[in-house]
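Undergrad: query.txt is reproduced in full below (compact mmCIF, C-alpha atoms and all ligand atoms).
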# COMPACT_ATOMS: atom_id res chain seq x y z
CA MET H 1 -26.75 -86.41 77.03
CA GLU H 2 -26.37 -85.18 73.47
CA GLN H 3 -23.65 -82.58 72.89
CA THR H 4 -25.30 -79.25 72.12
CA ILE H 5 -22.25 -77.05 72.02
CA ASN H 6 -21.63 -75.43 68.67
CA ALA H 7 -17.88 -75.29 68.32
CA TYR H 8 -15.18 -76.05 65.80
CA ASP H 9 -12.67 -78.76 66.68
CA SER H 10 -9.84 -76.33 65.93
CA VAL H 11 -9.06 -73.26 63.83
CA LEU H 12 -8.18 -75.62 60.97
CA ASP H 13 -11.91 -76.08 60.37
CA LEU H 14 -12.10 -72.38 59.56
CA ILE H 15 -9.73 -72.55 56.59
CA GLY H 16 -11.32 -71.64 53.25
CA ASN H 17 -14.91 -70.62 52.42
CA THR H 18 -13.82 -67.00 52.58
CA PRO H 19 -16.40 -64.37 51.61
CA LEU H 20 -16.75 -62.52 48.34
CA VAL H 21 -17.31 -58.83 49.04
CA LYS H 22 -18.67 -56.38 46.46
CA LEU H 23 -16.43 -53.37 45.89
CA THR H 24 -18.33 -50.14 45.44
CA LYS H 25 -16.66 -46.78 46.06
CA SER H 26 -13.18 -47.87 45.00
CA THR H 27 -14.46 -49.05 41.60
CA ALA H 28 -17.17 -46.42 41.02
CA ASN H 29 -15.37 -44.96 38.01
CA LEU H 30 -14.57 -48.29 36.38
CA GLN H 31 -16.52 -50.40 33.88
CA GLY H 32 -18.00 -53.57 35.36
CA ASN H 33 -18.81 -55.20 38.70
CA PHE H 34 -16.00 -56.03 41.09
CA TYR H 35 -15.90 -58.59 43.90
CA ALA H 36 -13.05 -59.24 46.29
CA LYS H 37 -12.27 -62.70 47.66
CA VAL H 38 -11.03 -61.62 51.07
CA GLU H 39 -8.50 -64.24 52.16
CA ALA H 40 -7.76 -62.46 55.44
CA PHE H 41 -10.84 -64.28 56.77
CA ASN H 42 -8.77 -67.47 56.97
CA PRO H 43 -7.67 -68.18 60.57
CA GLY H 44 -4.02 -67.43 59.71
CA HIS H 45 -5.18 -64.25 57.93
CA SER H 46 -3.97 -65.27 54.48
CA THR H 47 -4.56 -67.49 51.50
CA LYS H 48 -1.51 -69.55 52.48
CA ASP H 49 -3.57 -71.42 55.10
CA ARG H 50 -5.08 -73.30 52.18
CA ILE H 51 -1.78 -74.61 50.83
CA ALA H 52 -0.38 -75.38 54.28
CA SER H 53 -3.35 -77.54 55.24
CA PHE H 54 -3.71 -79.12 51.79
CA ILE H 55 -0.04 -80.09 51.37
CA ILE H 56 0.16 -81.44 54.93
CA ASP H 57 -3.07 -83.44 54.44
CA GLN H 58 -1.68 -84.97 51.24
CA ALA H 59 1.56 -85.95 52.96
CA GLU H 60 -0.45 -87.58 55.77
CA ARG H 61 -2.51 -89.53 53.25
CA LYS H 62 0.63 -90.81 51.58
CA GLY H 63 1.90 -91.87 55.02
CA ILE H 64 4.91 -89.54 54.85
CA LEU H 65 3.93 -87.61 57.97
CA LYS H 66 3.41 -89.16 61.36
CA LYS H 67 2.95 -87.56 64.80
CA GLY H 68 6.17 -85.76 65.70
CA SER H 69 7.36 -85.46 62.08
CA THR H 70 8.94 -82.24 60.87
CA ILE H 71 7.70 -79.71 58.32
CA ILE H 72 10.42 -77.61 56.66
CA GLU H 73 10.11 -74.48 54.52
CA THR H 74 12.05 -71.38 53.52
CA THR H 75 9.79 -68.43 54.22
CA SER H 76 9.27 -65.74 56.80
CA GLY H 77 6.02 -64.70 55.19
CA ASN H 78 2.46 -65.91 55.15
CA THR H 79 3.33 -69.50 54.25
CA GLY H 80 5.57 -69.77 57.30
CA PHE H 81 2.83 -68.55 59.59
CA SER H 82 0.26 -70.93 58.10
CA LEU H 83 2.61 -73.92 58.28
CA ALA H 84 3.43 -73.12 61.91
CA MET H 85 -0.28 -72.86 62.73
CA VAL H 86 -1.20 -76.16 61.07
CA SER H 87 1.86 -77.87 62.62
CA ILE H 88 0.89 -76.80 66.16
CA ILE H 89 -2.56 -78.28 65.85
CA LYS H 90 -1.47 -81.46 64.12
CA GLY H 91 1.49 -82.07 66.41
CA TYR H 92 4.38 -81.59 63.98
CA ASP H 93 7.62 -79.70 64.43
CA CYS H 94 7.92 -76.76 62.06
CA ILE H 95 11.34 -75.53 60.94
CA LEU H 96 11.55 -72.31 58.93
CA ALA H 97 14.81 -71.18 57.35
CA VAL H 98 14.52 -67.44 56.79
CA SER H 99 16.72 -64.67 55.44
CA SER H 100 18.40 -62.26 57.86
CA LYS H 101 16.55 -59.55 55.89
CA SER H 102 13.28 -60.66 57.54
CA SER H 103 11.96 -58.19 60.07
CA LYS H 104 12.20 -58.99 63.79
CA ASP H 105 8.41 -58.76 64.01
CA LYS H 106 8.02 -61.57 61.49
CA ILE H 107 10.58 -63.81 63.20
CA ASP H 108 8.96 -63.16 66.61
CA MET H 109 5.55 -64.01 65.16
CA LEU H 110 6.77 -67.34 63.75
CA ARG H 111 8.45 -68.26 67.04
CA THR H 112 5.26 -67.33 68.88
CA MET H 113 3.45 -69.85 66.68
CA GLY H 114 5.90 -72.52 67.82
CA ALA H 115 8.18 -72.63 64.76
CA LYS H 116 11.92 -73.22 65.07
CA VAL H 117 13.41 -70.37 63.03
CA TYR H 118 16.90 -70.53 61.47
CA VAL H 119 18.05 -67.06 60.47
CA CYS H 120 20.41 -67.38 57.48
CA PRO H 121 22.64 -64.66 55.98
CA ALA H 122 20.88 -62.68 53.23
CA HIS H 123 24.05 -61.65 51.39
CA VAL H 124 25.15 -65.15 50.25
CA SER H 125 24.17 -66.73 46.91
CA ALA H 126 21.39 -69.34 46.74
CA ASP H 127 23.89 -72.22 46.32
CA ASP H 128 26.04 -71.18 49.31
CA PRO H 129 25.71 -73.79 52.10
CA ARG H 130 24.70 -70.96 54.49
CA SER H 131 21.79 -69.76 52.32
CA TYR H 132 18.26 -70.45 53.53
CA TYR H 133 17.64 -72.72 50.52
CA GLU H 134 20.68 -74.85 51.31
CA VAL H 135 19.99 -74.90 55.06
CA ALA H 136 16.43 -76.11 54.41
CA LYS H 137 17.65 -78.80 51.99
CA ARG H 138 20.28 -79.99 54.48
CA LEU H 139 17.80 -80.11 57.36
CA HIS H 140 15.39 -82.05 55.17
CA LYS H 141 18.10 -84.60 54.33
CA GLU H 142 19.18 -84.92 57.95
CA THR H 143 15.68 -85.14 59.46
CA LYS H 144 14.10 -88.52 58.90
CA GLY H 145 10.42 -88.42 57.92
CA SER H 146 10.49 -84.69 57.27
CA VAL H 147 8.56 -82.92 54.54
CA TYR H 148 10.09 -80.04 52.59
CA ILE H 149 7.17 -77.93 51.35
CA ASN H 150 9.22 -76.09 48.68
CA GLN H 151 6.21 -74.03 47.58
CA TYR H 152 7.79 -72.60 44.40
CA PHE H 153 8.45 -76.08 43.02
CA ASN H 154 5.50 -77.98 44.43
CA GLU H 155 2.55 -78.79 42.13
CA LEU H 156 0.38 -79.36 45.22
CA ASN H 157 0.46 -75.58 45.68
CA ILE H 158 -1.63 -75.34 42.48
CA ASP H 159 -3.83 -78.29 43.48
CA ALA H 160 -4.71 -76.66 46.81
CA HIS H 161 -6.38 -73.77 44.97
CA TYR H 162 -7.82 -76.01 42.25
CA HIS H 163 -9.68 -77.94 44.94
CA SER H 164 -10.76 -75.03 47.18
CA THR H 165 -10.50 -71.41 46.00
CA GLY H 166 -11.52 -72.19 42.41
CA PRO H 167 -14.75 -74.08 43.25
CA GLU H 168 -15.66 -71.51 45.91
CA ILE H 169 -15.45 -68.65 43.39
CA TRP H 170 -17.43 -70.60 40.79
CA GLU H 171 -20.20 -71.26 43.32
CA GLN H 172 -20.18 -67.80 44.85
CA THR H 173 -20.63 -66.20 41.42
CA ASN H 174 -23.10 -68.87 40.25
CA GLY H 175 -20.80 -69.33 37.29
CA ASN H 176 -21.20 -65.69 36.25
CA ILE H 177 -17.59 -64.67 36.72
CA THR H 178 -16.05 -63.22 33.54
CA HIS H 179 -12.57 -62.18 34.77
CA LEU H 180 -10.17 -63.23 37.51
CA VAL H 181 -7.49 -60.78 38.69
CA ALA H 182 -4.82 -62.27 40.95
CA CYS H 183 -1.26 -61.56 42.03
CA SER H 184 1.39 -64.08 41.14
CA GLY H 185 4.27 -65.04 43.40
CA THR H 186 4.63 -68.79 43.46
CA GLY H 187 1.71 -68.68 41.00
CA GLY H 188 -0.18 -71.32 42.95
CA THR H 189 -3.21 -69.14 43.62
CA ILE H 190 -3.77 -67.84 40.10
CA SER H 191 -2.90 -71.15 38.40
CA GLY H 192 -5.09 -73.35 40.60
CA ILE H 193 -8.11 -71.05 40.40
CA ALA H 194 -7.64 -70.52 36.65
CA ARG H 195 -7.38 -74.24 35.91
CA TYR H 196 -10.66 -74.88 37.69
CA LEU H 197 -12.54 -71.92 36.22
CA LYS H 198 -11.35 -72.55 32.65
CA GLU H 199 -12.51 -76.16 32.87
CA LYS H 200 -15.95 -74.78 33.75
CA ASN H 201 -15.92 -71.98 31.17
CA SER H 202 -12.96 -71.47 28.85
CA ASP H 203 -14.12 -67.89 28.06
CA ILE H 204 -13.20 -66.64 31.54
CA LYS H 205 -10.22 -64.28 31.29
CA VAL H 206 -7.39 -64.73 33.75
CA LEU H 207 -5.39 -61.56 34.38
CA GLY H 208 -2.17 -61.84 36.37
CA VAL H 209 -0.45 -59.16 38.42
CA ASP H 210 3.34 -58.91 38.41
CA ALA H 211 5.82 -56.42 39.90
CA PHE H 212 8.30 -54.15 38.12
CA GLY H 213 11.56 -55.92 38.99
CA SER H 214 10.16 -59.43 38.37
CA VAL H 215 10.54 -61.81 35.41
CA LEU H 216 7.04 -63.33 35.22
CA LYS H 217 5.33 -61.03 32.68
CA LYS H 218 8.22 -61.14 30.22
CA TYR H 219 8.56 -64.92 30.58
CA HIS H 220 4.82 -65.33 29.90
CA GLU H 221 5.15 -63.30 26.71
CA THR H 222 8.43 -64.65 25.33
CA MET H 223 8.99 -67.97 27.17
CA GLU H 224 12.47 -66.66 27.85
CA PHE H 225 14.07 -65.87 31.18
CA ASP H 226 15.35 -62.29 31.01
CA GLU H 227 17.75 -61.40 33.81
CA ASN H 228 17.53 -57.73 32.87
CA GLU H 229 13.99 -57.64 34.22
CA ILE H 230 15.28 -58.25 37.75
CA TYR H 231 15.86 -55.40 40.22
CA PRO H 232 14.88 -54.74 43.84
CA TYR H 233 11.32 -53.69 44.69
CA ARG H 234 9.31 -53.43 47.87
CA ILE H 235 6.09 -55.40 47.47
CA GLU H 236 6.47 -58.74 49.27
CA GLY H 237 4.90 -61.90 47.86
CA LEU H 238 4.41 -60.50 44.33
CA GLY H 239 6.57 -61.45 41.33
CA LYS H 240 9.77 -63.48 41.31
CA ASN H 241 13.39 -63.59 40.15
CA LEU H 242 13.05 -67.19 38.93
CA ILE H 243 10.45 -69.21 37.03
CA PRO H 244 8.43 -71.23 39.54
CA ASP H 245 7.20 -74.74 38.68
CA SER H 246 4.10 -73.82 40.64
CA THR H 247 2.96 -71.39 37.93
CA ASP H 248 0.94 -72.76 35.01
CA PHE H 249 1.59 -70.02 32.45
CA LYS H 250 -0.81 -71.62 29.94
CA VAL H 251 -3.94 -70.81 31.96
CA ILE H 252 -3.01 -67.14 32.43
CA ASP H 253 -4.16 -64.87 29.59
CA GLU H 254 -1.94 -61.92 30.35
CA PHE H 255 0.10 -60.16 33.01
CA ILE H 256 0.34 -56.52 33.95
CA LYS H 257 3.04 -54.89 36.09
CA VAL H 258 2.35 -52.51 38.95
CA THR H 259 4.61 -50.14 40.89
CA ASP H 260 5.39 -50.16 44.60
CA GLU H 261 4.05 -46.65 45.00
CA GLU H 262 0.72 -47.01 43.20
CA SER H 263 0.06 -50.35 44.93
CA ALA H 264 0.69 -48.80 48.36
CA HIS H 265 -1.73 -45.96 47.63
CA ALA H 266 -4.33 -48.41 46.29
CA ALA H 267 -4.14 -50.49 49.51
CA ARG H 268 -4.64 -47.37 51.64
CA GLU H 269 -7.54 -46.35 49.42
CA LEU H 270 -9.18 -49.75 50.02
CA ALA H 271 -9.20 -49.11 53.76
CA ARG H 272 -10.56 -45.58 53.28
CA THR H 273 -13.26 -46.43 50.76
CA GLU H 274 -14.35 -50.02 51.42
CA GLY H 275 -13.32 -50.50 55.05
CA ILE H 276 -11.20 -53.45 53.96
CA PHE H 277 -7.85 -53.55 55.76
CA ALA H 278 -5.82 -55.71 53.41
CA GLY H 279 -2.16 -56.35 52.59
CA TYR H 280 0.20 -54.73 50.10
CA THR H 281 -0.57 -57.18 47.28
CA SER H 282 -4.31 -56.50 47.63
CA GLY H 283 -3.38 -52.92 46.78
CA ALA H 284 -1.31 -54.25 43.86
CA ALA H 285 -4.34 -56.17 42.58
CA MET H 286 -6.54 -53.06 42.85
CA GLN H 287 -3.95 -51.02 41.00
CA ALA H 288 -3.88 -53.70 38.29
CA ILE H 289 -7.68 -53.48 37.97
CA LYS H 290 -7.42 -49.73 37.35
CA GLN H 291 -4.78 -50.31 34.67
CA PHE H 292 -6.73 -53.14 33.00
CA ASN H 293 -9.80 -50.90 33.03
CA GLU H 294 -7.84 -48.17 31.22
CA LEU H 295 -6.81 -50.73 28.64
CA GLY H 296 -10.50 -51.44 27.99
CA LYS H 297 -10.46 -55.02 29.33
CA PHE H 298 -13.84 -54.73 31.05
CA ASP H 299 -17.33 -53.65 30.02
CA LYS H 300 -20.47 -52.91 32.03
CA ASP H 301 -21.44 -56.60 32.16
CA SER H 302 -18.06 -57.83 33.39
CA ASN H 303 -18.06 -59.67 36.72
CA VAL H 304 -14.51 -59.37 37.94
CA VAL H 305 -13.27 -61.37 40.93
CA VAL H 306 -10.08 -60.07 42.54
CA ILE H 307 -8.08 -61.97 45.15
CA PHE H 308 -7.02 -60.09 48.30
CA PRO H 309 -4.35 -62.48 49.65
CA ASP H 310 -3.78 -61.26 53.21
CA HIS H 311 -4.56 -58.88 56.06
CA GLY H 312 -3.28 -55.34 56.54
CA SER H 313 -2.02 -55.93 60.09
CA ARG H 314 1.19 -57.44 58.68
CA TYR H 315 2.08 -54.11 57.05
CA MET H 316 1.68 -51.67 59.94
CA SER H 317 5.33 -50.62 59.83
CA LYS H 318 5.23 -50.34 56.04
CA ILE H 319 2.39 -49.12 53.84
CA TYR H 320 0.17 -48.21 56.79
CA SER H 321 2.86 -46.11 58.43
CA ASP H 322 2.83 -42.47 57.24
CA GLU H 323 6.52 -42.23 58.18
CA TRP H 324 7.42 -45.24 56.01
CA MET H 325 5.42 -43.87 53.09
CA GLU H 326 7.17 -40.53 53.41
CA ALA H 327 10.60 -42.16 53.67
CA GLN H 328 9.93 -43.94 50.36
CA GLY H 329 8.81 -40.69 48.78
CA PHE H 330 5.29 -42.14 48.37
CA ASN H 331 3.39 -38.91 48.94
CA GLU H 332 -0.39 -38.75 49.00
CA SER H 333 -1.94 -36.66 46.24
CA ALA H 334 -3.24 -33.22 47.24
CA GLU H 335 -6.79 -34.52 46.71
CA VAL H 336 -6.33 -37.42 49.14
CA LYS H 337 -4.56 -35.21 51.72
CA GLU H 338 -7.54 -32.88 51.70
CA GLU H 339 -9.97 -35.81 52.04
CA ILE H 340 -8.01 -37.23 55.02
CA GLN H 341 -7.75 -33.85 56.72
CA SER H 342 -11.45 -33.20 56.34
CA VAL H 343 -12.28 -36.29 58.42
CA GLN H 344 -9.72 -35.59 61.18
N1 LIG B 401 0.27 -61.88 48.17
C1 LIG B 401 0.96 -62.21 49.27
C2 LIG B 401 0.92 -61.29 50.43
C3 LIG B 401 1.70 -63.40 49.31
O1 LIG B 401 2.39 -63.72 50.43
C4 LIG B 401 1.72 -64.22 48.17
C5 LIG B 401 2.54 -65.48 48.20
N2 LIG B 401 3.86 -65.35 47.78
C6 LIG B 401 1.01 -63.84 47.03
C7 LIG B 401 0.29 -62.66 47.07
C8 LIG B 401 1.01 -64.61 45.75
O2 LIG B 401 0.37 -65.84 45.87
P1 LIG B 401 0.97 -67.10 45.11
O3 LIG B 401 2.28 -67.43 45.76
O4 LIG B 401 -0.04 -68.16 45.28
O5 LIG B 401 1.19 -66.72 43.68
Represent the structure from my file as structure tokens, please.

TA:
Amino acid sequence: MEQTINAYDSVLDLIGNTPLVKLTKSTANLQGNFYAKVEAFNPGHSTKDRIASFIIDQAERKGILKKGSTIIETTSGNTGFSLAMVSIIKGYDCILAVSSKSSKDKIDMLRTMGAKVYVCPAHVSADDPRSYYEVAKRLHKETKGSVYINQYFNELNIDAHYHSTGPEIWEQTNGNITHLVACSGTGGTISGIARYLKEKNSDIKVLGVDAFGSVLKKYHETMEFDENEIYPYRIEGLGKNLIPDSTDFKVIDEFIKVTDEESAHAARELARTEGIFAGYTSGAAMQAIKQFNELGKFDKDSNVVVIFPDHGSRYMSKIYSDEWMEAQGFNESAEVKEEIQSVQ
């Protein structure tokens, strides 16, 4: 009898093809039309599912990976989760070397997804044999047939978005996109999408989001690495203290920097106004849109696509905790306090 059950073979079939959602209330006072690419709809709840599946597929095609092979990476964040998820389904071991700064929740989550997690001291320099970079490199050398994803120095990170996120946005907007706004960490997302879109229409403006405390904006403007730009900040996944190979600075028109505080408020505002429960960097991207709008980057005919990289559930003990916000001194404005109280 013919199979009539409508089911996916695994969650891997659900990666990509994320929806574009029109933003209304949160952008009511801005010039232009705004659409969010909500990457939390991926099965691993972030855009990193795309690079995990793409890089692993490429390694399989080249014959590097076989059943039982090992995937190695240095992240406790979204990439780690996505790699663990893809590894489970494809039958690979997944080893993640993470910093002892990573929260227990994150480490528990990775172990739940079947990853072997090495917790490495945070206080040592990157070239110390105990650092998570060095531990990952050593494990890669020692483990025959292993693949070291190395997302900051892997061109396939860009290719993943060139082949999926970029074409999806082009099709979803019927080619009518005028601006892309995206956060840059490894730079894979913004670079891959931008390469694709600019091949289609070189007039599309690509606006990058960077953090205060990161070197990317200054490097883009001067092509020089300025150590003085580096200081601690709270937003995870945004900005960097090195220049990643996985960023194609040529396809990015300009960067803007956003603060921890304004980004946190913008993320909370997204939940309140659009019903979209997104991560900290989605708030950063919204904050960047407000700043670009003030700089007169958009007009009434602009069709702006903004990337929301992950889901809000990963930030419950941070930006979505009133106690955490208070401890950082990130107080709600009197206007917002009144609005929140009126609905309680
Ligand atoms: N937001 C979050 C939450 C992330 O984890 C990352 C990845 N570091 C980014 C944004 C930036 O994406 P990309 O690394 O592709 O630049």

Undergrad: Write out as a Markdown table the residues of chain H that have any atom within 10 Å of an atom of ligand LIG 401 (chain B), one row each with the nearest atom pair and its distance in Å to one decimal, counting all atoms listed in the file, sorted by chain and then rising number.

TA:
| residue | atom | partner | partner_atom | distance |
| --- | --- | --- | --- | --- |
| H:Glu39 | CA | B:LIG401 | N1 | 9.9 |
| H:Ser46 | CA | B:LIG401 | C2 | 7.5 |
| H:Thr47 | CA | B:LIG401 | O2 | 7.7 |
| H:Lys48 | CA | B:LIG401 | C5 | 7.2 |
| H:Arg50 | CA | B:LIG401 | O4 | 10.0 |
| H:Ile51 | CA | B:LIG401 | O4 | 8.7 |
| H:Thr75 | CA | B:LIG401 | N2 | 9.3 |
| H:Ser76 | CA | B:LIG401 | O1 | 9.6 |
| H:Gly77 | CA | B:LIG401 | O1 | 6.1 |
| H:Asn78 | CA | B:LIG401 | O1 | 5.2 |
| H:Thr79 | CA | B:LIG401 | O1 | 7.0 |
| H:Gly80 | CA | B:LIG401 | O1 | 9.7 |
| H:Gln151 | CA | B:LIG401 | O3 | 7.9 |
| H:Tyr152 | CA | B:LIG401 | O3 | 7.7 |
| H:Asn157 | CA | B:LIG401 | O4 | 7.4 |
| H:Ile158 | CA | B:LIG401 | O4 | 7.9 |
| H:Ala160 | CA | B:LIG401 | O4 | 9.8 |
| H:His161 | CA | B:LIG401 | O4 | 8.5 |
| H:Ala182 | CA | B:LIG401 | C8 | 7.9 |
| H:Cys183 | CA | B:LIG401 | C8 | 5.3 |
| H:Ser184 | CA | B:LIG401 | O5 | 3.7 |
| H:Gly185 | CA | B:LIG401 | O5 | 3.5 |
| H:Thr186 | CA | B:LIG401 | O3 | 3.6 |
| H:Gly187 | CA | B:LIG401 | O5 | 3.4 |
| H:Gly188 | CA | B:LIG401 | O4 | 3.9 |
| H:Thr189 | CA | B:LIG401 | O4 | 3.7 |
| H:Ile190 | CA | B:LIG401 | O5 | 6.2 |
| H:Ser191 | CA | B:LIG401 | O5 | 8.0 |
| H:Gly192 | CA | B:LIG401 | O4 | 8.6 |
| H:Ile193 | CA | B:LIG401 | O4 | 9.9 |
| H:Gly208 | CA | B:LIG401 | O5 | 9.4 |
| H:Val209 | CA | B:LIG401 | C8 | 9.3 |
| H:Asp210 | CA | B:LIG401 | C8 | 9.6 |
| H:Ile235 | CA | B:LIG401 | C2 | 8.4 |
| H:Glu236 | CA | B:LIG401 | C2 | 6.2 |
| H:Gly237 | CA | B:LIG401 | N2 | 3.6 |
| H:Leu238 | CA | B:LIG401 | C7 | 5.4 |
| H:Gly239 | CA | B:LIG401 | C8 | 7.8 |
| H:Lys240 | CA | B:LIG401 | N2 | 9.0 |
| H:Pro244 | CA | B:LIG401 | O5 | 9.5 |
| H:Ser246 | CA | B:LIG401 | O5 | 8.3 |
| H:Thr247 | CA | B:LIG401 | O5 | 7.6 |
| H:Ala278 | CA | B:LIG401 | C2 | 9.2 |
| H:Gly279 | CA | B:LIG401 | C2 | 6.2 |
| H:Tyr280 | CA | B:LIG401 | C2 | 6.6 |
| H:Thr281 | CA | B:LIG401 | N1 | 4.9 |
| H:Ser282 | CA | B:LIG401 | N1 | 7.1 |
| H:Gly283 | CA | B:LIG401 | N1 | 9.8 |
| H:Ala284 | CA | B:LIG401 | N1 | 8.9 |
| H:Ala285 | CA | B:LIG401 | C7 | 9.1 |
| H:Ile307 | CA | B:LIG401 | C7 | 8.6 |
| H:Phe308 | CA | B:LIG401 | N1 | 7.5 |
| H:Pro309 | CA | B:LIG401 | N1 | 4.9 |
| H:Asp310 | CA | B:LIG401 | C2 | 5.5 |
| H:His311 | CA | B:LIG401 | C2 | 8.2 |
| H:Gly312 | CA | B:LIG401 | C2 | 9.5 |
| H:Arg314 | CA | B:LIG401 | C2 | 9.1 |
| H:Tyr315 | CA | B:LIG401 | C2 | 9.8 |

Undergrad: For the atom pair CA of Ile88 (chain H) and CA of Ala7 (chain H), what is the interatomic distance in Å to one decimal place?

TA: 19.0 Å

Undergrad: For CA of Tyr133 (chain H) and CA of Ile149 (chain H), determine how far apart the two atoms are, in Å to one decimal place.

TA: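 That distance, rounded to one decimal, is 11.7 Å.
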
Undergrad: Residues near region 102-108 of chain H, anyone? I mean within 12 Å using all atoms listed in the file, not counting same-chain ones fewer than 2 positions away, as a PyMOL selection string.

TA: chain H and resi 74-81+84+95-100+110-122+132+236+313-318

Undergrad: Calculated over all atoms listed in the file, which of the candidates H:Met109, H:Val11, H:His45, H:Ile169 has the smallest distance to Lys90 (chain H)?

TA: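 Counting all atoms listed in the file, the residue closest to Lys90 (chain H) is H:Val11.
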
Undergrad: For His163 (chain H), which residue out of H:Leu12, H:Gln3, H:Tyr196, H:Lys66 is the nearest one, using all atoms listed in the file?

TA: H:Tyr196

Undergrad: Using only C-alpha atoms, can you tell me which of H:Thr143, H:Ser131, H:Thr273, H:Ser214 comes closest to Leu242 (chain H)?

TA: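 So, comparing all the options, the nearest one is H:Ser214.
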
Undergrad: Need the shell around Asn150 (chain H): protein/DNA/RNA residues with any atom at most 9 Å away, counting all atoms listed in the file. Skip same-chain ones fewer than 4 positions apart. Format as an MDAnalysis selection string?

TA: chainID H and resid 72:74 154

Undergrad: Residues as selected, C-alpha atoms, written as a compact mmCIF listing (two decimals), in the coordinates of the input, can you do that?

TA:
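Contents of out.txt, as written:
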# COMPACT_ATOMS: atom_id res chain seq x y z
CA ILE H 72 10.42 -77.61 56.66
CA GLU H 73 10.11 -74.48 54.52
CA THR H 74 12.05 -71.38 53.52
CA ASN H 154 5.50 -77.98 44.43

Undergrad: Can you pull out the residues contacting His220 (chain H)? Cut-off 8 Å, using all atoms listed in the file, and skip same-chain residues under 4 positions away; I want them as number ranges by chain.

TA: H: 216, 249, 254-255

Undergrad: Between CA of Met325 (chain H) and CA of Ile289 (chain H), what is the distance, to one decimal in Å?

TA: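 These atoms are spaced 22.2 Å apart.
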
Undergrad: Check the smallest atom-to-atom distance from each of H:Val251, H:Ala264, H:Val306, H:Val21 to Ile319 (chain H) using only C-alpha atoms, then report the winner.

TA: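 Among the listed residues, H:Ala264 lies closest to Ile319 (chain H).
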
Undergrad: Could you list, as JSON, numbers by chain, every residue within 9 Å of region 55-57 of chain H, counting all atoms listed in the file and ignoring same-chain residues fewer than 2 positions away?

TA: {"H": [50, 51, 52, 53, 59, 60, 61, 62, 65, 71, 83, 86, 87, 147, 149, 156, 157, 159, 160]}

Undergrad: Between H:Asn42, H:Asn303, H:Asn228, H:Ser10, which residue has the minimum interatomic distance to Asn174 (chain H), considering only C-alpha atoms?

TA: H:Asn303

Undergrad: When you look at Gln172 (chain H) with a cut-off of 12 Å (counting only C-alpha atoms), what residues show up, excluding the ones that are within fewer than 6 positions of it in the same chain? I need them as a PyMOL selection string.

TA: chain H and resi 17-22+35-37+165-166+303+305
